file structure20.cif (mmCIF, C-alpha atoms)
data_work
#
loop_
_atom_site.label_atom_id
_atom_site.label_comp_id
_atom_site.auth_asym_id
_atom_site.auth_seq_id
_atom_site.Cartn_x
_atom_site.Cartn_y
_atom_site.Cartn_z
CA MET D 825 20.10 -51.01 -40.21
CA TYR D 826 18.31 -48.48 -42.41
CA PRO D 827 14.98 -47.82 -40.64
CA THR D 828 12.31 -45.49 -41.98
CA LEU D 829 11.36 -42.39 -40.00
CA SER D 830 8.46 -44.16 -38.25
CA GLN D 831 10.64 -47.20 -37.49
CA GLU D 832 13.35 -44.94 -36.05
CA ASN D 833 10.77 -43.27 -33.81
CA TYR D 834 9.78 -46.73 -32.57
CA PHE D 835 13.42 -47.51 -31.81
CA ARG D 836 13.81 -44.30 -29.82
CA GLN D 837 10.64 -45.07 -27.86
CA ALA D 838 11.83 -48.61 -27.10
CA CYS D 839 15.20 -47.23 -25.92
CA GLY D 840 13.30 -44.83 -23.66
CA VAL D 841 11.24 -47.65 -22.18
CA SER D 842 14.36 -49.71 -21.53
CA ARG D 843 16.17 -46.76 -19.93
CA SER D 844 13.17 -45.71 -17.81
CA THR D 845 12.57 -49.26 -16.57
CA TYR D 846 16.23 -49.66 -15.62
CA ASN D 847 16.19 -46.42 -13.63
CA TRP D 848 12.91 -47.42 -11.93
CA ALA D 849 14.45 -50.78 -10.97
CA LEU D 850 17.62 -49.10 -9.65
CA GLU D 851 15.57 -46.71 -7.51
CA HIS D 852 13.51 -49.53 -5.95
CA TRP D 853 16.60 -51.72 -5.54
CA GLN D 854 18.21 -49.00 -3.42
CA LYS D 855 15.02 -48.48 -1.38
CA GLN D 856 14.69 -52.20 -0.61
CA TYR D 857 18.36 -52.47 0.28
CA LYS D 858 18.14 -49.54 2.73
CA VAL D 859 15.26 -51.08 4.68
CA GLY D 860 17.12 -54.38 5.02
CA GLU D 861 15.38 -56.36 2.27
CA LYS D 862 17.21 -58.49 -0.28
CA PRO D 863 16.29 -57.17 -3.75
CA SER D 864 16.37 -59.41 -6.81
CA ALA D 865 15.57 -59.16 -10.51
CA TYR D 866 12.61 -61.52 -10.13
CA GLY D 867 11.08 -59.55 -7.23
CA LEU D 868 11.46 -56.19 -8.96
CA LYS D 869 10.03 -57.55 -12.20
CA LYS D 870 7.00 -58.92 -10.34
CA LEU D 871 6.45 -55.54 -8.65
CA PHE D 872 6.84 -53.68 -11.95
CA ASN D 873 4.28 -55.91 -13.71
CA SER D 874 1.75 -55.16 -10.97
CA ILE D 875 1.95 -51.38 -11.40
CA LYS D 876 2.85 -50.82 -15.06
CA LYS D 877 -0.74 -50.98 -16.34
CA ASP D 878 -1.82 -48.05 -14.16
CA GLU D 879 1.39 -46.04 -13.74
CA ARG D 880 3.29 -46.79 -16.97
CA PRO D 881 0.83 -47.74 -19.70
CA TRP D 882 3.16 -46.47 -22.44
CA VAL D 883 5.43 -49.51 -22.03
CA TYR D 884 2.82 -51.49 -24.00
CA ASP D 885 3.54 -49.40 -27.11
CA VAL D 886 6.79 -51.32 -27.73
CA THR D 887 8.01 -54.90 -27.44
CA LYS D 888 7.80 -56.29 -23.91
CA THR D 889 11.43 -57.49 -24.05
CA ALA D 890 12.58 -53.84 -23.93
CA SER D 891 11.45 -53.56 -20.31
CA GLU D 892 11.95 -57.17 -19.20
CA ARG D 893 15.69 -57.19 -19.87
CA ALA D 894 16.35 -54.16 -17.64
CA PHE D 895 15.92 -56.18 -14.43
CA THR D 896 18.40 -58.86 -15.48
CA ASP D 897 20.92 -56.21 -16.55
CA LEU D 898 20.61 -54.42 -13.20
CA GLU D 899 21.12 -57.63 -11.22
CA SER D 900 24.21 -58.44 -13.31
CA ALA D 901 25.53 -54.91 -12.67
CA PHE D 902 25.20 -55.34 -8.90
CA LYS D 903 26.83 -58.78 -9.01
CA GLY D 904 29.79 -57.23 -10.81
CA PHE D 905 29.95 -54.44 -8.23
CA PHE D 906 29.89 -56.80 -5.23
CA ALA D 907 32.54 -58.95 -6.92
CA LYS D 908 34.65 -55.77 -7.30
CA ARG D 909 34.77 -56.11 -11.09
CA THR D 910 32.78 -52.96 -11.89
CA LYS D 911 31.71 -49.69 -10.31
CA TYR D 912 28.40 -49.05 -8.57
CA PRO D 913 25.49 -49.00 -11.08
CA THR D 914 24.48 -45.49 -12.13
CA TRP D 915 21.40 -43.94 -13.75
CA LYS D 916 21.03 -44.24 -17.49
CA LYS D 917 20.81 -40.97 -19.39
CA ARG D 918 18.99 -40.14 -22.59
CA GLY D 919 21.20 -40.12 -25.66
CA GLN D 920 24.01 -42.10 -24.04
CA ARG D 921 24.37 -45.71 -25.19
CA ASP D 922 20.73 -45.97 -26.20
CA SER D 923 19.72 -49.61 -26.75
CA PHE D 924 17.00 -52.15 -26.08
CA TYR D 925 16.83 -55.94 -25.97
CA LEU D 926 14.89 -57.64 -28.75
CA GLY D 927 15.26 -61.30 -27.75
CA ASP D 928 14.60 -63.78 -30.55
CA ARG D 929 11.48 -61.99 -31.81
CA PHE D 930 12.73 -61.31 -35.33
CA LYS D 931 13.19 -63.01 -38.68
CA LEU D 932 16.18 -62.76 -41.03
CA ASP D 933 16.04 -62.93 -44.82
CA GLY D 934 19.28 -61.95 -46.51
CA LEU D 935 19.67 -58.18 -46.35
CA LYS D 936 16.38 -57.74 -44.48
CA ILE D 937 15.18 -58.28 -40.94
CA LYS D 938 11.56 -58.44 -39.76
CA ILE D 939 10.74 -57.06 -36.31
CA PRO D 940 7.25 -57.40 -34.80
CA LYS D 941 5.08 -54.24 -35.08
CA LEU D 942 7.62 -52.73 -37.49
CA GLY D 943 7.89 -54.98 -40.52
CA TRP D 944 10.95 -55.41 -42.70
CA ILE D 945 14.08 -53.24 -42.25
CA ARG D 946 17.04 -53.08 -44.62
CA LEU D 947 20.49 -54.23 -43.46
CA THR D 948 23.96 -53.39 -44.78
CA GLU D 949 25.16 -57.00 -44.67
CA GLU D 950 23.91 -60.54 -44.17
CA LEU D 951 24.46 -62.56 -41.03
CA ARG D 952 27.76 -64.34 -41.73
CA LEU D 953 27.78 -66.69 -38.75
CA LYS D 954 26.17 -70.11 -39.05
CA GLY D 955 24.45 -71.50 -35.98
CA ARG D 956 21.43 -71.15 -33.73
CA VAL D 957 20.29 -67.55 -33.32
CA LEU D 958 19.86 -66.77 -29.62
CA SER D 959 18.94 -63.11 -29.26
CA ALA D 960 19.51 -59.61 -30.59
CA THR D 961 20.02 -56.09 -29.26
CA VAL D 962 19.22 -52.87 -31.13
CA SER D 963 21.49 -49.92 -30.36
CA ARG D 964 22.20 -46.41 -31.62
CA THR D 965 25.59 -44.80 -32.29
CA VAL D 966 25.36 -41.09 -33.20
CA ASP D 967 22.67 -41.18 -35.93
CA ARG D 968 23.05 -44.82 -36.98
CA TRP D 969 21.16 -47.88 -35.80
CA PHE D 970 22.72 -51.31 -35.38
CA ILE D 971 21.48 -54.75 -34.45
CA SER D 972 23.84 -57.15 -32.66
CA ILE D 973 22.83 -60.80 -33.06
CA ALA D 974 24.08 -63.49 -30.68
CA VAL D 975 24.66 -66.82 -32.43
CA GLU D 976 25.58 -70.18 -30.92
CA LEU D 977 28.29 -71.40 -33.30
CA SER D 978 28.30 -74.98 -34.47
CA GLU D 979 32.07 -74.80 -35.03
CA THR D 980 34.28 -73.21 -32.38
CA SER D 981 37.29 -72.53 -34.63
CA ARG D 982 38.05 -71.70 -38.24
CA THR D 983 40.19 -73.76 -40.57
CA VAL D 984 43.42 -71.94 -41.39
CA GLY D 985 46.91 -72.89 -42.48
CA GLU D 986 48.98 -75.20 -40.27
CA SER D 987 51.47 -72.48 -39.39
CA GLN D 988 53.41 -73.25 -36.20
CA ALA D 989 55.57 -70.13 -36.37
CA THR D 990 55.94 -67.95 -33.29
CA VAL D 991 56.06 -64.17 -33.57
CA GLY D 992 56.81 -61.48 -31.02
CA VAL D 993 54.80 -58.27 -31.34
CA ASP D 994 56.07 -55.08 -29.75
CA LEU D 995 53.46 -52.31 -29.66
CA GLY D 996 54.68 -48.73 -29.72
CA ILE D 997 54.04 -45.11 -30.65
CA THR D 998 56.22 -44.54 -33.71
CA SER D 999 55.48 -47.99 -35.12
CA LEU D 1000 52.16 -49.36 -33.99
CA ALA D 1001 53.49 -52.92 -34.16
CA THR D 1002 57.02 -54.23 -34.72
CA LEU D 1003 57.23 -57.94 -35.45
CA SER D 1004 60.15 -60.22 -34.70
CA THR D 1005 60.29 -60.89 -38.46
CA GLY D 1006 61.48 -57.31 -38.93
CA GLU D 1007 58.18 -55.94 -40.23
CA LYS D 1008 57.02 -52.57 -38.92
CA VAL D 1009 53.39 -51.45 -39.09
CA ALA D 1010 52.82 -47.69 -39.17
CA PRO D 1011 49.89 -46.38 -37.09
CA PRO D 1012 46.82 -44.96 -38.89
CA LYS D 1013 46.87 -41.73 -36.81
CA ALA D 1014 43.11 -41.40 -37.13
CA LEU D 1015 42.75 -38.79 -34.39
CA GLN D 1016 45.66 -36.71 -35.64
CA GLN D 1017 44.16 -36.53 -39.16
CA ALA D 1018 40.77 -35.40 -37.85
CA GLU D 1019 42.11 -32.99 -35.23
CA LYS D 1020 41.67 -29.79 -37.24
CA ARG D 1021 38.07 -30.64 -38.13
CA LEU D 1022 37.36 -31.60 -34.51
CA LYS D 1023 38.74 -28.33 -33.16
CA ARG D 1024 36.61 -26.30 -35.55
CA ALA D 1025 33.46 -28.32 -34.79
CA GLN D 1026 34.04 -28.01 -31.05
CA ARG D 1027 34.52 -24.24 -31.30
CA ILE D 1028 31.20 -23.96 -33.14
CA LEU D 1029 29.55 -26.14 -30.49
CA SER D 1030 30.85 -23.96 -27.64
CA ARG D 1031 29.25 -20.85 -29.22
CA ARG D 1032 25.77 -22.35 -29.50
CA LYS D 1033 23.14 -21.59 -26.87
CA LYS D 1034 22.56 -24.43 -24.44
CA GLY D 1035 19.28 -26.23 -25.02
CA SER D 1036 18.84 -24.89 -28.57
CA ALA D 1037 18.28 -26.94 -31.73
CA ASN D 1038 21.47 -25.51 -33.26
CA ARG D 1039 23.47 -26.77 -30.29
CA ARG D 1040 22.06 -30.28 -30.77
CA LYS D 1041 23.04 -30.16 -34.44
CA ALA D 1042 26.56 -28.96 -33.57
CA ALA D 1043 26.91 -31.69 -30.94
CA SER D 1044 25.81 -34.25 -33.51
CA ARG D 1045 28.55 -33.06 -35.92
CA VAL D 1046 31.21 -33.44 -33.20
CA ALA D 1047 29.91 -36.92 -32.35
CA LYS D 1048 30.01 -37.95 -36.02
CA LEU D 1049 33.67 -36.91 -36.31
CA HIS D 1050 34.58 -38.90 -33.20
CA TYR D 1051 32.68 -41.87 -34.61
CA GLN D 1052 34.63 -41.67 -37.88
CA VAL D 1053 37.89 -41.65 -35.91
CA LYS D 1054 36.76 -44.71 -33.96
CA CYS D 1055 35.77 -46.56 -37.15
CA LEU D 1056 39.15 -45.89 -38.80
CA ARG D 1057 41.01 -47.01 -35.68
CA ASP D 1058 38.94 -50.18 -35.23
CA ASP D 1059 39.15 -51.09 -38.91
CA PHE D 1060 42.95 -50.87 -38.85
CA ALA D 1061 43.13 -52.92 -35.64
CA HIS D 1062 40.90 -55.63 -37.14
CA LYS D 1063 43.05 -55.90 -40.27
CA LEU D 1064 46.25 -56.10 -38.22
CA THR D 1065 45.00 -58.70 -35.73
CA THR D 1066 43.38 -60.88 -38.41
CA ASP D 1067 46.61 -60.89 -40.41
CA LEU D 1068 48.59 -61.98 -37.33
CA VAL D 1069 46.31 -64.87 -36.34
CA GLU D 1070 46.16 -66.12 -39.92
CA ARG D 1071 49.95 -66.14 -40.37
CA PHE D 1072 51.28 -67.33 -37.01
CA GLY D 1073 50.53 -70.21 -34.67
CA ALA D 1074 51.68 -68.42 -31.49
CA ILE D 1075 51.71 -64.68 -30.80
CA VAL D 1076 53.62 -63.15 -27.89
CA ILE D 1077 52.58 -59.70 -26.67
CA GLU D 1078 53.36 -57.51 -23.66
CA ASP D 1079 51.09 -56.82 -20.70
CA LEU D 1080 51.18 -53.04 -21.20
CA ASN D 1081 50.16 -50.71 -18.39
CA VAL D 1082 48.06 -48.45 -20.63
CA LYS D 1083 46.45 -46.70 -17.67
CA GLY D 1084 49.88 -45.68 -16.44
CA MET D 1085 51.10 -44.71 -19.91
CA VAL D 1086 48.33 -42.16 -20.46
CA LYS D 1087 49.42 -40.34 -17.30
CA ASN D 1088 52.40 -39.10 -19.31
CA HIS D 1089 50.89 -35.91 -20.75
CA CYS D 1090 53.41 -35.84 -23.58
CA LEU D 1091 52.28 -39.25 -24.86
CA ALA D 1092 48.70 -39.53 -23.60
CA LYS D 1093 46.98 -38.54 -26.86
CA SER D 1094 49.21 -40.79 -29.00
CA VAL D 1095 48.81 -43.75 -26.63
CA SER D 1096 45.03 -43.38 -26.64
CA ASP D 1097 44.98 -43.13 -30.43
CA ARG D 1098 46.92 -46.41 -30.81
CA SER D 1099 44.24 -48.43 -28.92
CA PHE D 1100 46.65 -50.98 -27.43
CA GLY D 1101 43.93 -52.47 -25.26
CA GLU D 1102 41.62 -53.01 -28.23
CA ILE D 1103 44.38 -54.77 -30.18
CA ARG D 1104 44.99 -57.14 -27.28
CA ARG D 1105 41.25 -57.81 -26.91
CA GLN D 1106 40.92 -58.63 -30.61
CA LEU D 1107 43.98 -60.88 -30.59
CA THR D 1108 42.60 -62.79 -27.60
CA TYR D 1109 39.23 -63.69 -29.06
CA LYS D 1110 40.52 -64.20 -32.62
CA ALA D 1111 43.23 -66.56 -31.38
CA ALA D 1112 40.51 -68.72 -29.80
CA LEU D 1113 38.48 -68.53 -33.00
CA TYR D 1114 41.41 -69.55 -35.21
CA GLY D 1115 42.88 -72.08 -32.79
CA ARG D 1116 46.01 -70.03 -32.11
CA THR D 1117 48.00 -69.42 -28.91
CA ILE D 1118 48.44 -66.07 -27.20
CA VAL D 1119 51.34 -65.64 -24.76
CA VAL D 1120 51.30 -62.52 -22.58
CA ALA D 1121 54.72 -61.50 -21.25
CA ASP D 1122 54.96 -60.29 -17.67
CA ARG D 1123 54.64 -56.53 -17.29
CA TRP D 1124 58.11 -56.31 -15.76
CA PHE D 1125 59.84 -58.44 -18.39
CA PRO D 1126 62.74 -56.27 -19.73
CA SER D 1127 62.10 -56.92 -23.41
CA THR D 1128 63.61 -53.60 -24.52
CA LYS D 1129 66.68 -53.68 -22.27
CA THR D 1130 67.64 -57.31 -22.89
CA CYS D 1131 70.05 -58.16 -25.71
CA SER D 1132 68.33 -60.66 -28.00
CA GLU D 1133 71.73 -62.16 -28.91
CA CYS D 1134 73.45 -62.79 -25.58
CA GLY D 1135 70.80 -61.97 -22.96
CA PHE D 1136 72.64 -59.06 -21.35
CA VAL D 1137 70.27 -56.68 -19.51
CA ASN D 1138 71.33 -53.08 -20.21
CA LYS D 1139 69.66 -50.89 -17.58
CA ALA D 1140 71.01 -47.78 -19.31
CA VAL D 1141 68.36 -48.09 -22.03
CA VAL D 1142 65.62 -45.55 -21.30
CA LEU D 1143 62.52 -44.31 -23.09
CA GLY D 1144 64.15 -41.89 -25.55
CA ILE D 1145 66.66 -44.38 -27.02
CA LYS D 1146 65.79 -45.73 -30.47
CA SER D 1147 68.87 -47.92 -30.91
CA TRP D 1148 71.66 -49.12 -28.64
CA VAL D 1149 74.81 -51.23 -28.62
CA CYS D 1150 75.08 -54.28 -26.38
CA PRO D 1151 78.07 -53.70 -24.03
CA SER D 1152 78.59 -57.47 -23.78
CA CYS D 1153 78.57 -58.71 -27.39
CA GLY D 1154 78.71 -55.42 -29.34
CA VAL D 1155 75.57 -56.04 -31.42
CA VAL D 1156 73.69 -52.89 -32.49
CA HIS D 1157 69.99 -53.20 -31.72
CA ASP D 1158 66.94 -51.41 -33.02
CA ARG D 1159 64.91 -50.82 -29.87
CA ASP D 1160 61.55 -52.12 -31.11
CA HIS D 1161 62.87 -55.04 -33.17
CA ASN D 1162 65.03 -56.21 -30.29
CA ALA D 1163 62.02 -56.16 -27.96
CA ALA D 1164 59.98 -58.17 -30.48
CA LEU D 1165 62.76 -60.78 -30.72
CA ASN D 1166 62.88 -61.15 -26.94
CA LEU D 1167 59.12 -61.60 -26.87
CA GLN D 1168 59.42 -64.25 -29.56
CA HIS D 1169 61.90 -66.18 -27.40
CA LEU D 1170 59.29 -66.38 -24.64
CA GLY D 1171 56.86 -68.13 -26.95
CA ILE D 1172 59.30 -70.75 -28.26
CA PRO D 1173 59.66 -73.90 -26.11
CA VAL D 1174 63.01 -74.02 -24.33
CA GLY D 1175 63.94 -77.33 -25.95
CA CYS D 1176 63.51 -75.84 -29.43
CA ARG D 1177 65.91 -72.92 -29.03
CA GLU D 1178 69.15 -71.99 -27.39
CA SER D 1179 68.55 -70.92 -23.81
CA ILE D 1180 69.08 -67.21 -23.31
CA THR D 1181 69.72 -66.19 -19.72
CA PRO D 1182 69.84 -62.45 -18.96
CA VAL D 1183 73.23 -61.39 -17.68
CA ASP D 1184 73.25 -59.44 -14.43
CA ASP D 1185 73.98 -55.76 -14.86
CA GLN D 1186 76.90 -55.94 -12.41
CA VAL D 1187 79.07 -57.89 -14.88
CA ARG D 1188 78.91 -55.24 -17.61
CA PRO D 1189 82.37 -54.20 -18.93
CA ALA D 1190 83.96 -51.29 -17.14
CA ASN D 1191 85.20 -49.70 -20.37
CA LEU D 1192 81.67 -49.25 -21.75
CA VAL D 1193 82.31 -45.85 -23.34
CA ALA D 1194 85.20 -47.26 -25.39
CA GLN D 1195 83.08 -50.13 -26.71
CA VAL D 1196 80.30 -47.75 -27.68
CA ALA D 1197 82.77 -45.50 -29.51
CA GLU D 1198 84.14 -48.50 -31.44
CA ALA D 1199 80.60 -49.29 -32.60
CA GLY D 1200 80.24 -45.81 -34.07
CA MET D 1201 77.80 -44.44 -31.46
CA SER D 1202 78.15 -41.73 -28.88
CA GLU D 1203 77.60 -42.23 -25.19
CA GLY D 1204 74.61 -39.90 -25.42
CA GLN D 1205 72.90 -42.27 -27.88
CA LEU D 1206 73.21 -45.09 -25.36
CA CYS D 1207 72.06 -43.10 -22.36
CA PRO D 1208 70.91 -39.57 -23.20
CA SER D 1209 70.69 -37.04 -20.42
CA SER D 1210 67.27 -36.23 -18.96
#

call {"tool": "encode", "arguments": {"input": "structure20.cif", "output": "structure tokens"}}
result
Amino acid sequence: MYPTLSQENYFRQACGVSRSTYNWALEHWQKQYKVGEKPSAYGLKKLFNSIKKDERPWVYDVTKTASERAFTDLESAFKGFFAKRTKYPTWKKRGQRDSFYLGDRFKLDGLKIKIPKLGWIRLTEELRLKGRVLSATVSRTVDRWFISIAVELSETSRTVGESQATVGVDLGITSLATLSTGEKVAPPKALQQAEKRLKRAQRILSRRKKGSANRRKAASRVAKLHYQVKCLRDDFAHKLTTDLVERFGAIVIEDLNVKGMVKNHCLAKSVSDRSFGEIRRQLTYKAALYGRTIVVADRWFPSTKTCSECGFVNKAVVLGIKSWVCPSCGVVHDRDHNAALNLQHLGIPVGCRESITPVDDQVRPANLVAQVAEAGMSEGQLCPSS
């Protein structure tokens, strides 16, 4: 959205009301829980309505939905905590994820939206989804304001080509995605391109006096750079995932342990910049939208070490190897393409392909070094020293 200065001030005030109400509800939730009571969103909301006129009259300056939603959000946060899905709810801080709930109290007209007490506000794009509008949430990212509109779709899937092809997708560092078709997608390297500007902006920020206006300006510049990096990364991921779901009927991906991968300090920055988790999230919801199938390979499936031709599992293949020769059939494999082919085999019904059974490592030929030499590779290329 493109709000005027007065409209932006209203947004900030509504975010403050939402944040303050949430923190008030969290405080009273904890107090009731300590004395043995059973707190609930309805009880806290009833208590808040009885005291807000005298103790918090400024909540009437903005839409009432800004404060009403806080109680439901808090109850949902505690339900997630007790179900061991999320961490214990914490206090909301000013300037971090500022947002407020608007409900259905707005009106859309092309590139404009009308909000009560504010009037019409310009938008960058029209609402593209067709269906019943349920609610909306206004949020701030750096210095930009967004409105997220929830729509109940009349159609659950989009009409696309009748492609029944299955593709295996191997995600990696050098190539962001290697497809079983042989295609390799280079990563955008958004963070790497902005690293010099980020270092300079962060040095300037560290020299500013804490609490000063200049420090707030410097912090805003750093936040803008990080936001640009995020936008570039997300845009590339959207283009990649949309292309995959439009071209293929079934997509096979790996269940990557991203949390464990970032513990490797040599690869942590590159792994984080590739956003593997975001790519999987986008593929999951877009597959449902396009009527496609997503197959997630088991985390311990040896896609890289298994020969896609004969099924031999070569345990000598480690992280640094880019290509290797199968000791059983002698085929030279590109590491990433071979993994993508093995993933593709998982997504094809057994009756529609030749069954490939991994060969146990104990039956590998004894004269492995000779076979590798005949293929034109050194033993170090097959299993380099640590």

call {"tool": "closest_residue", "arguments": {"input": "structure20.cif", "among": "D:Ser1004, D:Ser1036, D:Gln1016, D:Asn873", "to": "D:Lys1093", "atoms": "only C-alpha atoms"}}
result
D:Gln1016

call {"tool": "resolve_selection", "arguments": {"input": "structure20.cif", "expression": "the PyMOL selection byres ((chain D and resi 974) around 9)", "output": "list in words"}}
result
Arg956, Val957, Leu958, Ser959, Ala960, Thr961, Ser972, Ile973, Val975 and Glu976 of chain D

call {"tool": "closest_residue", "arguments": {"input": "structure20.cif", "among": "D:Ala907, D:Ala1025, D:Ala901, D:Ile1075", "to": "D:Val991", "atoms": "all atoms listed in the file"}}
result
D:Ile1075

call {"tool": "residues_around", "arguments": {"input": "structure20.cif", "residues": "D:Pro913", "least_positions_apart": "5", "cutoff": "9 Å", "atoms": "all atoms listed in the file", "output": "PDB file with C-alpha atoms, in the frame of the given file"}}
result
ATOM      1  CA  LEU D 850      17.620 -49.100  -9.650  1.00  0.00           C
ATOM      2  CA  LEU D 898      20.610 -54.420 -13.200  1.00  0.00           C
ATOM      3  CA  ALA D 901      25.530 -54.910 -12.670  1.00  0.00           C
ATOM      4  CA  PHE D 902      25.200 -55.340  -8.900  1.00  0.00           C
ATOM      5  CA  PHE D 905      29.950 -54.440  -8.230  1.00  0.00           C
TER       6      PHE D 905
END

call {"tool": "residues_around", "arguments": {"input": "structure20.cif", "residues": "D:Glu1102", "least_positions_apart": "4", "cutoff": "12 Å", "atoms": "all atoms listed in the file", "output": "list in words"}}
result
Leu995, Lys1054, Arg1057, Asp1058, Asp1059, Phe1060, Ala1061, His1062, Leu1064, Thr1065, Leu1080, Val1082, Val1095, Ser1096, Asp1097, Arg1098, Gln1106, Leu1107, Thr1108 and Tyr1109 of chain D

call {"tool": "write_last_selection", "arguments": {"input": "structure20.cif", "atoms": "C-alpha atoms", "output": "PDB file, in the frame of the given file"}}
result
ATOM      1  CA  LEU D 995      53.460 -52.310 -29.660  1.00  0.00           C
ATOM      2  CA  LYS D1054      36.760 -44.710 -33.960  1.00  0.00           C
ATOM      3  CA  ARG D1057      41.010 -47.010 -35.680  1.00  0.00           C
ATOM      4  CA  ASP D1058      38.940 -50.180 -35.230  1.00  0.00           C
ATOM      5  CA  ASP D1059      39.150 -51.090 -38.910  1.00  0.00           C
ATOM      6  CA  PHE D1060      42.950 -50.870 -38.850  1.00  0.00           C
ATOM      7  CA  ALA D1061      43.130 -52.920 -35.640  1.00  0.00           C
ATOM      8  CA  HIS D1062      40.900 -55.630 -37.140  1.00  0.00           C
ATOM      9  CA  LEU D1064      46.250 -56.100 -38.220  1.00  0.00           C
ATOM     10  CA  THR D1065      45.000 -58.700 -35.730  1.00  0.00           C
ATOM     11  CA  LEU D1080      51.180 -53.040 -21.200  1.00  0.00           C
ATOM     12  CA  VAL D1082      48.060 -48.450 -20.630  1.00  0.00           C
ATOM     13  CA  VAL D1095      48.810 -43.750 -26.630  1.00  0.00           C
ATOM     14  CA  SER D1096      45.030 -43.380 -26.640  1.00  0.00           C
ATOM     15  CA  ASP D1097      44.980 -43.130 -30.430  1.00  0.00           C
ATOM     16  CA  ARG D1098      46.920 -46.410 -30.810  1.00  0.00           C
ATOM     17  CA  GLN D1106      40.920 -58.630 -30.610  1.00  0.00           C
ATOM     18  CA  LEU D1107      43.980 -60.880 -30.590  1.00  0.00           C
ATOM     19  CA  THR D1108      42.600 -62.790 -27.600  1.00  0.00           C
ATOM     20  CA  TYR D1109      39.230 -63.690 -29.060  1.00  0.00           C
TER      21      TYR D1109
END

call {"tool": "axis_aligned_box", "arguments": {"input": "structure20.cif", "around": "stretch 1135-1148 of chain D", "padding_each_side": "4 Å", "output": "AutoDock Vina command-line options"}}
result
--center_x 67.6 --center_y -51.9 --center_z -24.2 --size_x 18.1 --size_y 28.1 --size_z 21.3

call {"tool": "closest_residue", "arguments": {"input": "structure20.cif", "among": "D:Thr1005, D:Thr965, D:Asn1088, D:Thr887", "to": "D:Val993", "atoms": "only C-alpha atoms"}}
result
D:Thr1005

call {"tool": "atom_distance", "arguments": {"input": "structure20.cif", "atom1": "atom CA of D:Glu1007", "atom2": "atom CA of D:Ala1163"}}
result
12.9 Å

call {"tool": "residues_around", "arguments": {"input": "structure20.cif", "residues": "stretch 879-884 of chain D", "least_positions_apart": "3", "cutoff": "12 Å", "atoms": "only C-alpha atoms", "output": "ChimeraX atom specification"}}
result
/D:834,837-845,848,871-876,887-892,941

call {"tool": "closest_residue", "arguments": {"input": "structure20.cif", "among": "D:Trp1124, D:Tyr866, D:Phe1100, D:Trp1148", "to": "D:Gly996", "atoms": "only C-alpha atoms"}}
result
D:Phe1100

call {"tool": "resolve_selection", "arguments": {"input": "structure20.cif", "expression": "the PyMOL selection byres ((chain D and resi 863-865) around 7)", "output": "list of chain:residue names"}}
result
D:Trp853, D:Gln856, D:Tyr857, D:Glu861, D:Lys862, D:Tyr866, D:Gly867, D:Leu868, D:Lys869, D:Phe895, D:Thr896, D:Glu899

call {"tool": "write_last_selection", "arguments": {"input": "structure20.cif", "atoms": "C-alpha atoms", "output": "CSV table (one decimal), keeping the file's coordinate frame"}}
result
chain,number,residue,atom,x,y,z
D,853,TRP,CA,16.6,-51.7,-5.5
D,856,GLN,CA,14.7,-52.2,-0.6
D,857,TYR,CA,18.4,-52.5,0.3
D,861,GLU,CA,15.4,-56.4,2.3
D,862,LYS,CA,17.2,-58.5,-0.3
D,866,TYR,CA,12.6,-61.5,-10.1
D,867,GLY,CA,11.1,-59.6,-7.2
D,868,LEU,CA,11.5,-56.2,-9.0
D,869,LYS,CA,10.0,-57.6,-12.2
D,895,PHE,CA,15.9,-56.2,-14.4
D,896,THR,CA,18.4,-58.9,-15.5
D,899,GLU,CA,21.1,-57.6,-11.2

call {"tool": "atom_distance", "arguments": {"input": "structure20.cif", "atom1": "atom CA of D:Lys1013", "atom2": "atom CA of D:Gly1073"}}
result
28.8 Å

call {"tool": "residues_around", "arguments": {"input": "structure20.cif", "residues": "D:Gly943", "least_positions_apart": "6", "cutoff": "12 Å", "atoms": "all atoms listed in the file", "output": "ChimeraX atom specification"}}
result
/D:827-828,830-831,834,929-932,936-937

call {"tool": "resolve_selection", "arguments": {"input": "structure20.cif", "expression": "the PyMOL selection byres ((chain D and resi 949) around 10)", "output": "list in words"}}
result
Met825, Gly934, Leu935, Lys936, Arg946, Leu947, Thr948, Glu950, Leu951 and Arg952 of chain D

call {"tool": "write_last_selection", "arguments": {"input": "structure20.cif", "atoms": "C-alpha atoms", "output": "PDB file, in the frame of the given file"}}
result
ATOM      1  CA  MET D 825      20.100 -51.010 -40.210  1.00  0.00           C
ATOM      2  CA  GLY D 934      19.280 -61.950 -46.510  1.00  0.00           C
ATOM      3  CA  LEU D 935      19.670 -58.180 -46.350  1.00  0.00           C
ATOM      4  CA  LYS D 936      16.380 -57.740 -44.480  1.00  0.00           C
ATOM      5  CA  ARG D 946      17.040 -53.080 -44.620  1.00  0.00           C
ATOM      6  CA  LEU D 947      20.490 -54.230 -43.460  1.00  0.00           C
ATOM      7  CA  THR D 948      23.960 -53.390 -44.780  1.00  0.00           C
ATOM      8  CA  GLU D 950      23.910 -60.540 -44.170  1.00  0.00           C
ATOM      9  CA  LEU D 951      24.460 -62.560 -41.030  1.00  0.00           C
ATOM     10  CA  ARG D 952      27.760 -64.340 -41.730  1.00  0.00           C
TER      11      ARG D 952
END

call {"tool": "atom_distance", "arguments": {"input": "structure20.cif", "atom1": "atom CA of D:Ser1127", "atom2": "atom CA of D:Gly1101"}}
result
18.8 Å

call {"tool": "closest_residue", "arguments": {"input": "structure20.cif", "among": "D:Lys1008, D:Arg968, D:Lys917, D:Arg1159", "to": "D:Ile1145", "atoms": "all atoms listed in the file"}}
result
D:Arg1159
